[in-house]
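Structure data follow from query04.cif (mmCIF, C-alpha atoms):
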```cif
data_my_file
loop_
_atom_site.group_PDB
_atom_site.id
_atom_site.type_symbol
_atom_site.label_atom_id
_atom_site.label_comp_id
_atom_site.auth_asym_id
_atom_site.auth_seq_id
_atom_site.Cartn_x
_atom_site.Cartn_y
_atom_site.Cartn_z
ATOM 1 C CA MET C 1 -221.227 -145.975 114.754
ATOM 2 C CA MET C 2 -223.863 -143.809 116.369
ATOM 3 C CA SER C 3 -227.364 -144.420 115.104
ATOM 4 C CA ASP C 4 -229.173 -141.539 116.809
ATOM 5 C CA SER C 5 -227.523 -138.633 114.996
ATOM 6 C CA PRO C 6 -229.816 -136.771 112.592
ATOM 7 C CA VAL C 7 -227.293 -136.712 109.740
ATOM 8 C CA VAL C 8 -228.535 -137.650 106.271
ATOM 9 C CA LEU C 9 -225.956 -139.322 104.045
ATOM 10 C CA MET C 10 -225.848 -140.763 100.535
ATOM 11 C CA ASP C 11 -223.581 -143.589 99.448
ATOM 12 C CA THR C 12 -223.014 -142.560 95.856
ATOM 13 C CA HIS C 13 -221.321 -145.799 94.795
ATOM 14 C CA CYS C 14 -222.307 -149.183 96.188
ATOM 15 C CA HIS C 15 -222.513 -152.526 94.370
ATOM 16 C CA LEU C 16 -225.492 -153.544 96.438
ATOM 17 C CA ASP C 17 -226.128 -156.626 94.319
ATOM 18 C CA PHE C 18 -222.693 -157.959 95.334
ATOM 19 C CA VAL C 19 -222.847 -156.930 98.995
ATOM 20 C CA ALA C 20 -225.252 -159.651 100.078
ATOM 21 C CA PRO C 21 -227.530 -162.375 98.699
ATOM 22 C CA ILE C 22 -230.765 -160.927 97.390
ATOM 23 C CA ASP C 23 -232.702 -162.196 100.403
ATOM 24 C CA LYS C 24 -230.332 -160.325 102.757
ATOM 25 C CA VAL C 25 -230.270 -156.979 100.958
ATOM 26 C CA GLU C 26 -233.156 -155.664 103.047
ATOM 27 C CA GLU C 27 -231.031 -156.119 106.186
ATOM 28 C CA VAL C 28 -228.117 -154.268 104.562
ATOM 29 C CA VAL C 29 -230.360 -151.369 103.566
ATOM 30 C CA GLY C 30 -231.838 -151.338 107.061
ATOM 31 C CA ARG C 31 -228.398 -151.030 108.654
ATOM 32 C CA ALA C 32 -227.598 -148.209 106.243
ATOM 33 C CA HIS C 33 -230.718 -146.330 107.342
ATOM 34 C CA MET C 34 -229.721 -146.798 110.977
ATOM 35 C CA ALA C 35 -226.413 -145.090 110.166
ATOM 36 C CA GLY C 36 -228.180 -142.152 108.483
ATOM 37 C CA VAL C 37 -227.650 -143.376 104.916
ATOM 38 C CA GLU C 38 -230.985 -142.623 103.278
ATOM 39 C CA ARG C 39 -229.927 -142.984 99.640
ATOM 40 C CA ILE C 40 -227.695 -145.449 97.799
ATOM 41 C CA LEU C 41 -226.575 -145.317 94.174
ATOM 42 C CA VAL C 42 -225.902 -148.723 92.597
ATOM 43 C CA PRO C 43 -223.912 -148.716 89.346
ATOM 44 C CA ALA C 44 -224.040 -151.578 86.890
ATOM 45 C CA ILE C 45 -220.774 -153.049 85.642
ATOM 46 C CA GLU C 46 -221.942 -155.394 82.883
ATOM 47 C CA MET C 47 -224.966 -156.459 80.911
ATOM 48 C CA ASP C 48 -225.587 -159.449 83.168
ATOM 49 C CA ASN C 49 -226.029 -157.455 86.372
ATOM 50 C CA LEU C 50 -227.914 -154.517 84.878
ATOM 51 C CA PRO C 51 -231.343 -156.167 85.461
ATOM 52 C CA ARG C 52 -230.443 -156.837 89.117
ATOM 53 C CA VAL C 53 -229.395 -153.229 89.616
ATOM 54 C CA LEU C 54 -232.661 -151.966 88.160
ATOM 55 C CA SER C 55 -234.699 -154.367 90.290
ATOM 56 C CA LEU C 56 -232.994 -153.131 93.468
ATOM 57 C CA ALA C 57 -233.816 -149.547 92.522
ATOM 58 C CA GLU C 58 -237.422 -150.579 92.015
ATOM 59 C CA LYS C 59 -237.603 -152.395 95.350
ATOM 60 C CA PHE C 60 -236.184 -149.683 97.635
ATOM 61 C CA THR C 61 -237.313 -146.059 97.680
ATOM 62 C CA GLY C 62 -233.858 -144.690 98.491
ATOM 63 C CA VAL C 63 -231.936 -146.813 95.993
ATOM 64 C CA PHE C 64 -231.011 -145.393 92.593
ATOM 65 C CA ALA C 65 -229.176 -146.937 89.652
ATOM 66 C CA ALA C 66 -226.586 -146.213 87.004
ATOM 67 C CA ALA C 67 -226.347 -148.081 83.708
ATOM 68 C CA GLY C 68 -223.039 -148.817 82.034
ATOM 69 C CA ILE C 69 -220.265 -151.253 81.163
ATOM 70 C CA HIS C 70 -217.151 -151.344 83.371
ATOM 71 C CA PRO C 71 -213.824 -151.447 81.489
ATOM 72 C CA ASN C 72 -213.023 -154.853 82.960
ATOM 73 C CA SER C 73 -216.322 -156.168 81.579
ATOM 74 C CA ALA C 74 -215.866 -154.685 78.097
ATOM 75 C CA ALA C 75 -213.643 -157.317 76.466
ATOM 76 C CA GLY C 76 -216.497 -158.512 74.269
ATOM 77 C CA TRP C 77 -217.617 -154.971 73.455
ATOM 78 C CA ARG C 78 -220.150 -154.559 70.680
ATOM 79 C CA ASP C 79 -221.585 -151.181 69.744
ATOM 80 C CA GLU C 80 -225.088 -152.624 70.088
ATOM 81 C CA TRP C 81 -224.467 -152.616 73.832
ATOM 82 C CA VAL C 82 -224.882 -148.850 73.721
ATOM 83 C CA ASP C 83 -228.470 -149.350 72.602
ATOM 84 C CA ARG C 84 -229.104 -151.675 75.535
ATOM 85 C CA VAL C 85 -227.602 -149.224 78.001
ATOM 86 C CA ARG C 86 -229.666 -146.451 76.416
ATOM 87 C CA GLU C 87 -232.815 -148.510 76.881
ATOM 88 C CA ALA C 88 -231.961 -149.218 80.519
ATOM 89 C CA ALA C 89 -231.290 -145.526 81.100
ATOM 90 C CA LYS C 90 -234.939 -144.779 80.342
ATOM 91 C CA HIS C 91 -235.784 -146.268 83.729
ATOM 92 C CA PRO C 92 -236.952 -143.411 85.989
ATOM 93 C CA LYS C 93 -234.474 -144.341 88.728
ATOM 94 C CA VAL C 94 -231.398 -144.439 86.503
ATOM 95 C CA VAL C 95 -229.552 -141.223 87.313
ATOM 96 C CA ALA C 96 -226.167 -141.769 85.647
ATOM 97 C CA ILE C 97 -224.175 -143.713 83.078
ATOM 98 C CA GLY C 98 -221.699 -145.922 84.883
ATOM 99 C CA GLU C 99 -219.597 -147.502 85.998
ATOM 100 C CA ILE C 100 -217.430 -146.729 82.965
ATOM 101 C CA GLY C 101 -213.802 -145.766 82.473
ATOM 102 C CA LEU C 102 -210.283 -147.134 82.055
ATOM 103 C CA ASP C 103 -208.409 -149.777 84.041
ATOM 104 C CA TYR C 104 -204.746 -150.429 83.262
ATOM 105 C CA TYR C 105 -204.156 -152.429 86.442
ATOM 106 C CA TRP C 106 -206.071 -155.534 85.403
ATOM 107 C CA ASP C 107 -205.343 -157.039 81.997
ATOM 108 C CA LYS C 108 -208.932 -158.049 81.281
ATOM 109 C CA THR C 109 -209.795 -155.829 78.314
ATOM 110 C CA PRO C 110 -207.433 -154.532 75.593
ATOM 111 C CA LYS C 111 -206.787 -150.805 75.989
ATOM 112 C CA GLU C 112 -208.136 -150.042 72.535
ATOM 113 C CA THR C 113 -211.409 -151.778 73.413
ATOM 114 C CA GLN C 114 -211.587 -149.930 76.732
ATOM 115 C CA HIS C 115 -211.207 -146.621 74.920
ATOM 116 C CA THR C 116 -213.925 -147.512 72.430
ATOM 117 C CA ALA C 117 -216.345 -148.526 75.167
ATOM 118 C CA LEU C 118 -215.623 -145.387 77.175
ATOM 119 C CA ALA C 119 -215.969 -143.059 74.198
ATOM 120 C CA ARG C 120 -219.306 -144.574 73.145
ATOM 121 C CA GLN C 121 -220.708 -144.340 76.653
ATOM 122 C CA LEU C 122 -219.510 -140.762 77.139
ATOM 123 C CA GLU C 123 -221.344 -139.860 73.925
ATOM 124 C CA LEU C 124 -224.447 -141.620 75.240
ATOM 125 C CA ALA C 125 -224.302 -139.726 78.518
ATOM 126 C CA ALA C 126 -224.111 -136.434 76.640
ATOM 127 C CA GLU C 127 -227.002 -137.501 74.423
ATOM 128 C CA LEU C 128 -229.141 -138.325 77.465
ATOM 129 C CA SER C 129 -227.911 -135.376 79.594
ATOM 130 C CA LEU C 130 -226.829 -137.780 82.336
ATOM 131 C CA PRO C 131 -223.650 -137.565 84.434
ATOM 132 C CA VAL C 132 -221.071 -140.344 84.291
ATOM 133 C CA ILE C 133 -219.447 -142.428 87.022
ATOM 134 C CA ILE C 134 -215.805 -142.797 86.011
ATOM 135 C CA HIS C 135 -213.573 -145.709 87.018
ATOM 136 C CA ASN C 136 -209.877 -144.837 86.726
ATOM 137 C CA ARG C 137 -207.224 -147.282 87.851
ATOM 138 C CA GLU C 138 -203.639 -146.500 86.891
ATOM 139 C CA ALA C 139 -204.904 -144.681 83.801
ATOM 140 C CA SER C 140 -205.101 -141.076 84.959
ATOM 141 C CA ALA C 141 -203.439 -139.409 81.965
ATOM 142 C CA ASP C 142 -205.620 -141.195 79.424
ATOM 143 C CA THR C 143 -208.741 -140.770 81.548
ATOM 144 C CA ILE C 144 -208.255 -137.019 81.801
ATOM 145 C CA SER C 145 -207.419 -136.597 78.103
ATOM 146 C CA THR C 146 -210.465 -138.657 77.109
ATOM 147 C CA LEU C 147 -212.786 -136.664 79.368
ATOM 148 C CA ALA C 148 -211.284 -133.402 78.128
ATOM 149 C CA ALA C 149 -212.084 -134.374 74.544
ATOM 150 C CA SER C 150 -215.593 -135.555 75.404
ATOM 151 C CA PRO C 151 -218.830 -133.573 75.056
ATOM 152 C CA LEU C 152 -219.159 -133.646 78.856
ATOM 153 C CA ASN C 153 -216.202 -131.316 79.393
ATOM 154 C CA GLY C 154 -217.602 -128.141 80.933
ATOM 155 C CA SER C 155 -221.206 -129.333 81.053
ATOM 156 C CA ASP C 156 -223.407 -128.585 84.051
ATOM 157 C CA ARG C 157 -223.333 -132.125 85.467
ATOM 158 C CA PRO C 158 -220.483 -134.048 83.837
ATOM 159 C CA GLY C 159 -219.991 -136.695 86.501
ATOM 160 C CA VAL C 160 -217.666 -138.012 89.202
ATOM 161 C CA LEU C 161 -214.237 -139.593 89.311
ATOM 162 C CA HIS C 162 -215.258 -142.492 91.504
ATOM 163 C CA SER C 163 -213.017 -143.656 94.370
ATOM 164 C CA PHE C 164 -210.494 -140.983 93.537
ATOM 165 C CA SER C 165 -206.910 -142.209 93.846
ATOM 166 C CA GLY C 166 -204.931 -139.901 91.577
ATOM 167 C CA ASP C 167 -202.623 -137.009 92.372
ATOM 168 C CA TRP C 168 -203.549 -133.345 92.781
ATOM 169 C CA ALA C 169 -202.812 -132.569 89.108
ATOM 170 C CA THR C 170 -205.402 -135.184 88.098
ATOM 171 C CA ALA C 171 -207.896 -133.844 90.622
ATOM 172 C CA GLU C 172 -207.363 -130.274 89.464
ATOM 173 C CA ALA C 173 -207.823 -131.200 85.805
ATOM 174 C CA ALA C 174 -211.052 -133.035 86.592
ATOM 175 C CA LEU C 175 -212.364 -130.195 88.731
ATOM 176 C CA GLU C 176 -211.634 -127.672 85.992
ATOM 177 C CA MET C 177 -213.852 -129.703 83.664
ATOM 178 C CA GLY C 178 -216.675 -129.626 86.207
ATOM 179 C CA PHE C 179 -216.261 -133.140 87.578
ATOM 180 C CA TYR C 180 -216.759 -134.171 91.193
ATOM 181 C CA LEU C 181 -214.384 -136.335 93.235
ATOM 182 C CA GLY C 182 -215.659 -139.398 95.097
ATOM 183 C CA PHE C 183 -213.856 -140.571 98.223
ATOM 184 C CA THR C 184 -214.070 -144.099 99.611
ATOM 185 C CA GLY C 185 -212.612 -146.211 102.427
ATOM 186 C CA PRO C 186 -208.943 -145.532 101.584
ATOM 187 C CA LEU C 187 -209.476 -142.007 102.936
ATOM 188 C CA THR C 188 -209.416 -143.651 106.380
ATOM 189 C CA TYR C 189 -206.253 -145.722 105.831
ATOM 190 C CA LYS C 190 -203.171 -144.926 107.883
ATOM 191 C CA LYS C 191 -200.834 -144.289 104.941
ATOM 192 C CA ALA C 192 -203.285 -142.254 102.846
ATOM 193 C CA ASP C 193 -201.947 -138.805 103.782
ATOM 194 C CA ASP C 194 -201.675 -137.712 100.137
ATOM 195 C CA LEU C 195 -205.290 -138.661 99.488
ATOM 196 C CA ARG C 196 -206.451 -136.834 102.615
ATOM 197 C CA ALA C 197 -204.528 -133.753 101.469
ATOM 198 C CA ILE C 198 -206.511 -133.781 98.226
ATOM 199 C CA ALA C 199 -209.782 -134.255 100.111
ATOM 200 C CA ALA C 200 -208.875 -131.269 102.271
ATOM 201 C CA ARG C 201 -207.969 -129.094 99.282
ATOM 202 C CA ALA C 202 -210.805 -129.893 96.862
ATOM 203 C CA PRO C 203 -213.821 -127.544 96.840
ATOM 204 C CA LEU C 204 -216.381 -128.802 99.349
ATOM 205 C CA ASP C 205 -219.178 -128.454 96.785
ATOM 206 C CA ARG C 206 -217.450 -131.005 94.501
ATOM 207 C CA ILE C 207 -216.951 -133.872 96.935
ATOM 208 C CA LEU C 208 -218.980 -137.080 97.178
ATOM 209 C CA ILE C 209 -218.690 -139.945 99.652
ATOM 210 C CA GLU C 210 -218.863 -143.584 98.594
ATOM 211 C CA THR C 211 -218.230 -147.098 99.837
ATOM 212 C CA ASP C 212 -217.678 -149.075 96.617
ATOM 213 C CA ALA C 213 -219.103 -151.883 98.751
ATOM 214 C CA PRO C 214 -218.400 -154.753 99.068
ATOM 215 C CA TYR C 215 -214.856 -153.486 98.388
ATOM 216 C CA LEU C 216 -212.542 -150.855 99.990
ATOM 217 C CA THR C 217 -213.890 -151.223 103.517
ATOM 218 C CA PRO C 218 -212.902 -148.289 105.750
ATOM 219 C CA GLU C 219 -211.135 -148.521 109.085
ATOM 220 C CA PRO C 220 -211.782 -150.027 111.575
ATOM 221 C CA TYR C 221 -213.447 -152.753 109.490
ATOM 222 C CA ARG C 222 -210.766 -152.986 106.817
ATOM 223 C CA GLY C 223 -210.421 -156.559 105.595
ATOM 224 C CA LYS C 224 -214.106 -157.310 106.106
ATOM 225 C CA ARG C 225 -216.957 -157.014 103.640
ATOM 226 C CA ASN C 226 -217.955 -153.415 103.088
ATOM 227 C CA GLU C 227 -221.561 -152.196 103.140
ATOM 228 C CA PRO C 228 -223.324 -148.856 102.661
ATOM 229 C CA ALA C 229 -223.680 -148.139 106.389
ATOM 230 C CA TYR C 230 -219.911 -147.691 106.492
ATOM 231 C CA VAL C 231 -220.038 -144.598 104.281
ATOM 232 C CA ARG C 232 -220.616 -142.797 107.573
ATOM 233 C CA LEU C 233 -217.013 -143.678 108.518
ATOM 234 C CA VAL C 234 -215.785 -142.026 105.324
ATOM 235 C CA ALA C 235 -217.881 -138.958 106.182
ATOM 236 C CA GLU C 236 -216.450 -138.856 109.697
ATOM 237 C CA ARG C 237 -212.865 -138.980 108.416
ATOM 238 C CA LEU C 238 -213.632 -136.330 105.817
ATOM 239 C CA ALA C 239 -215.045 -134.107 108.546
ATOM 240 C CA GLU C 240 -211.796 -134.476 110.509
ATOM 241 C CA VAL C 241 -209.692 -133.736 107.455
ATOM 242 C CA ARG C 242 -211.614 -130.562 106.666
ATOM 243 C CA GLY C 243 -212.064 -129.378 110.238
ATOM 244 C CA LEU C 244 -215.841 -129.565 110.011
ATOM 245 C CA SER C 245 -218.544 -131.358 111.948
ATOM 246 C CA LEU C 246 -220.133 -134.563 110.708
ATOM 247 C CA PRO C 247 -223.500 -132.804 110.162
ATOM 248 C CA GLU C 248 -221.758 -130.149 108.039
ATOM 249 C CA ILE C 249 -220.076 -132.804 105.888
ATOM 250 C CA ALA C 250 -223.309 -134.782 105.634
ATOM 251 C CA THR C 251 -225.253 -131.721 104.522
ATOM 252 C CA ALA C 252 -222.648 -130.721 101.937
ATOM 253 C CA THR C 253 -221.981 -134.144 100.403
ATOM 254 C CA THR C 254 -225.661 -135.073 100.251
ATOM 255 C CA ALA C 255 -226.507 -131.772 98.568
ATOM 256 C CA ASN C 256 -223.673 -132.375 96.099
ATOM 257 C CA ALA C 257 -224.972 -135.841 95.273
ATOM 258 C CA LEU C 258 -228.559 -134.728 94.784
ATOM 259 C CA ARG C 259 -227.396 -131.892 92.543
ATOM 260 C CA LEU C 260 -225.054 -133.993 90.412
ATOM 261 C CA PHE C 261 -227.476 -136.877 89.926
ATOM 262 C CA GLY C 262 -230.603 -134.766 89.607
ATOM 263 C CA ILE C 263 -232.357 -136.415 92.547
ATOM 264 C CA ALA C 264 -235.191 -134.530 94.200
ATOM 265 C CA HIS C 265 -234.810 -133.657 97.888
#
```
Write-out of the structure in structure tokens:
Amino acid sequence: MMSDSPVVLMDTHCHLDFVAPIDKVEEVVGRAHMAGVERILVPAIEMDNLPRVLSLAEKFTGVFAAAGIHPNSAAGWRDEWVDRVREAAKHPKVVAIGEIGLDYYWDKTPKETQHTALARQLELAAELSLPVIIHNREASADTISTLAASPLNGSDRPGVLHSFSGDWATAEAALEMGFYLGFTGPLTYKKADDLRAIAARAPLDRILIETDAPYLTPEPYRGKRNEPAYVRLVAERLAEVRGLSLPEIATATTANALRLFGIAH
């Protein structure tokens, strides 16, 4: 990756607390800056890692946080958790509620419990006027119907379908509600033509780029640990798909991220 290009990127979904040991995070952030990644959004996935996420946001100027309970971490759901997420969301660098959603691939949390956790957190996001970061794995129909029935439907900044992997009908339904689509490493994979077609078709002002690090590493590093610097590879592939330059994609996706998450320039 070139390090001398003036592009400014934002990795809008990176589990920085899982990417490296705490004493190595500074090196990871440094490599991201070298690649033009000036901002990183770190979503929580459970109560246990929420303090770590907040501490990373406090330590690094360009790191922001989201507070929420991932569906695979919601098996022991108690409604009092909403109060704890609400308290965490008062932190000045928390810019979203997430990572929340539905996951029918892993059998870690009963579907009914997942739906309860998602509904409560969608209500909280509306209460706090914060966007949501939505996890959807093999649950597109229920995800879309739940979002459609939520108070976020049609709001100014409803949120993003993180690491989008659905079909065009799912993308279109989300876009109609005002949601953004986040694209990760799979956009670079050889067999991902359908995903690239969606990335080419979606409105440019509704697209975000993400790593989901340490997971979903893009080519040519697939199979290795992902990190925020590699979001540049997602941006480069997106530029190819849309017939635009890397600086044009960087400008558009960064502006989208700042707008959605209410981050000052």
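In this model, the gap between atom CA of C:Ala192 and atom CA of C:Val28 comes to 27.6 Å.
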Check: Leaving out C:Ala88 and any residue of its chain fewer than 5 positions from it, which residues lie within 9 Å of it when counting all atoms listed in the file, given as a ChimeraX atom specification?
Finding: /C:50-51,54,66-67,83,94
Item checked: Within 9 Å of stretch 212-222 of chain C using only C-alpha atoms, minus same-chain residues under 2 positions, as a PyMOL selection string -> chain C and resi 11-16+18-20+162-163+184-190+210+224-228+230-231+233-234
Next, dump the selected residues to file, keeping only C-alpha atoms, as a JSON list (two decimals), in the coordinates of the input.
```
[["chain", "number", "residue", "atom", "x", "y", "z"],
["C", 11, "ASP", "CA", -223.58, -143.59, 99.45],
["C", 12, "THR", "CA", -223.01, -142.56, 95.86],
["C", 13, "HIS", "CA", -221.32, -145.80, 94.80],
["C", 14, "CYS", "CA", -222.31, -149.18, 96.19],
["C", 15, "HIS", "CA", -222.51, -152.53, 94.37],
["C", 16, "LEU", "CA", -225.49, -153.54, 96.44],
["C", 18, "PHE", "CA", -222.69, -157.96, 95.33],
["C", 19, "VAL", "CA", -222.85, -156.93, 99.00],
["C", 20, "ALA", "CA", -225.25, -159.65, 100.08],
["C", 162, "HIS", "CA", -215.26, -142.49, 91.50],
["C", 163, "SER", "CA", -213.02, -143.66, 94.37],
["C", 184, "THR", "CA", -214.07, -144.10, 99.61],
["C", 185, "GLY", "CA", -212.61, -146.21, 102.43],
["C", 186, "PRO", "CA", -208.94, -145.53, 101.58],
["C", 187, "LEU", "CA", -209.48, -142.01, 102.94],
["C", 188, "THR", "CA", -209.42, -143.65, 106.38],
["C", 189, "TYR", "CA", -206.25, -145.72, 105.83],
["C", 190, "LYS", "CA", -203.17, -144.93, 107.88],
["C", 210, "GLU", "CA", -218.86, -143.58, 98.59],
["C", 224, "LYS", "CA", -214.11, -157.31, 106.11],
["C", 225, "ARG", "CA", -216.96, -157.01, 103.64],
["C", 226, "ASN", "CA", -217.96, -153.42, 103.09],
["C", 227, "GLU", "CA", -221.56, -152.20, 103.14],
["C", 228, "PRO", "CA", -223.32, -148.86, 102.66],
["C", 230, "TYR", "CA", -219.91, -147.69, 106.49],
["C", 231, "VAL", "CA", -220.04, -144.60, 104.28],
["C", 233, "LEU", "CA", -217.01, -143.68, 108.52],
["C", 234, "VAL", "CA", -215.78, -142.03, 105.32]]
```
Item checked: Expansion of the PyMOL selection byres ((chain C and resi 131-138) around 6) into residues, as a PyMOL selection string -> chain C and resi 96-105+130+139-140+157-162
Next item on the list: Report as a VMD selection string the residues that result from applying the PyMOL selection byres ((chain C and resi 243-250) around 12) to the structure here.
Entry: chain C and resid 2 5 to 11 35 to 38 199 to 201 204 to 209 231 to 242 251 to 257
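Taking atom CA of C:Leu152 as the reference point, atom CA of C:Trp77 is found at 22.1 Å.
The coordinates place atom CA of C:Ser145 at 16.3 Å from atom CA of C:Tyr180.
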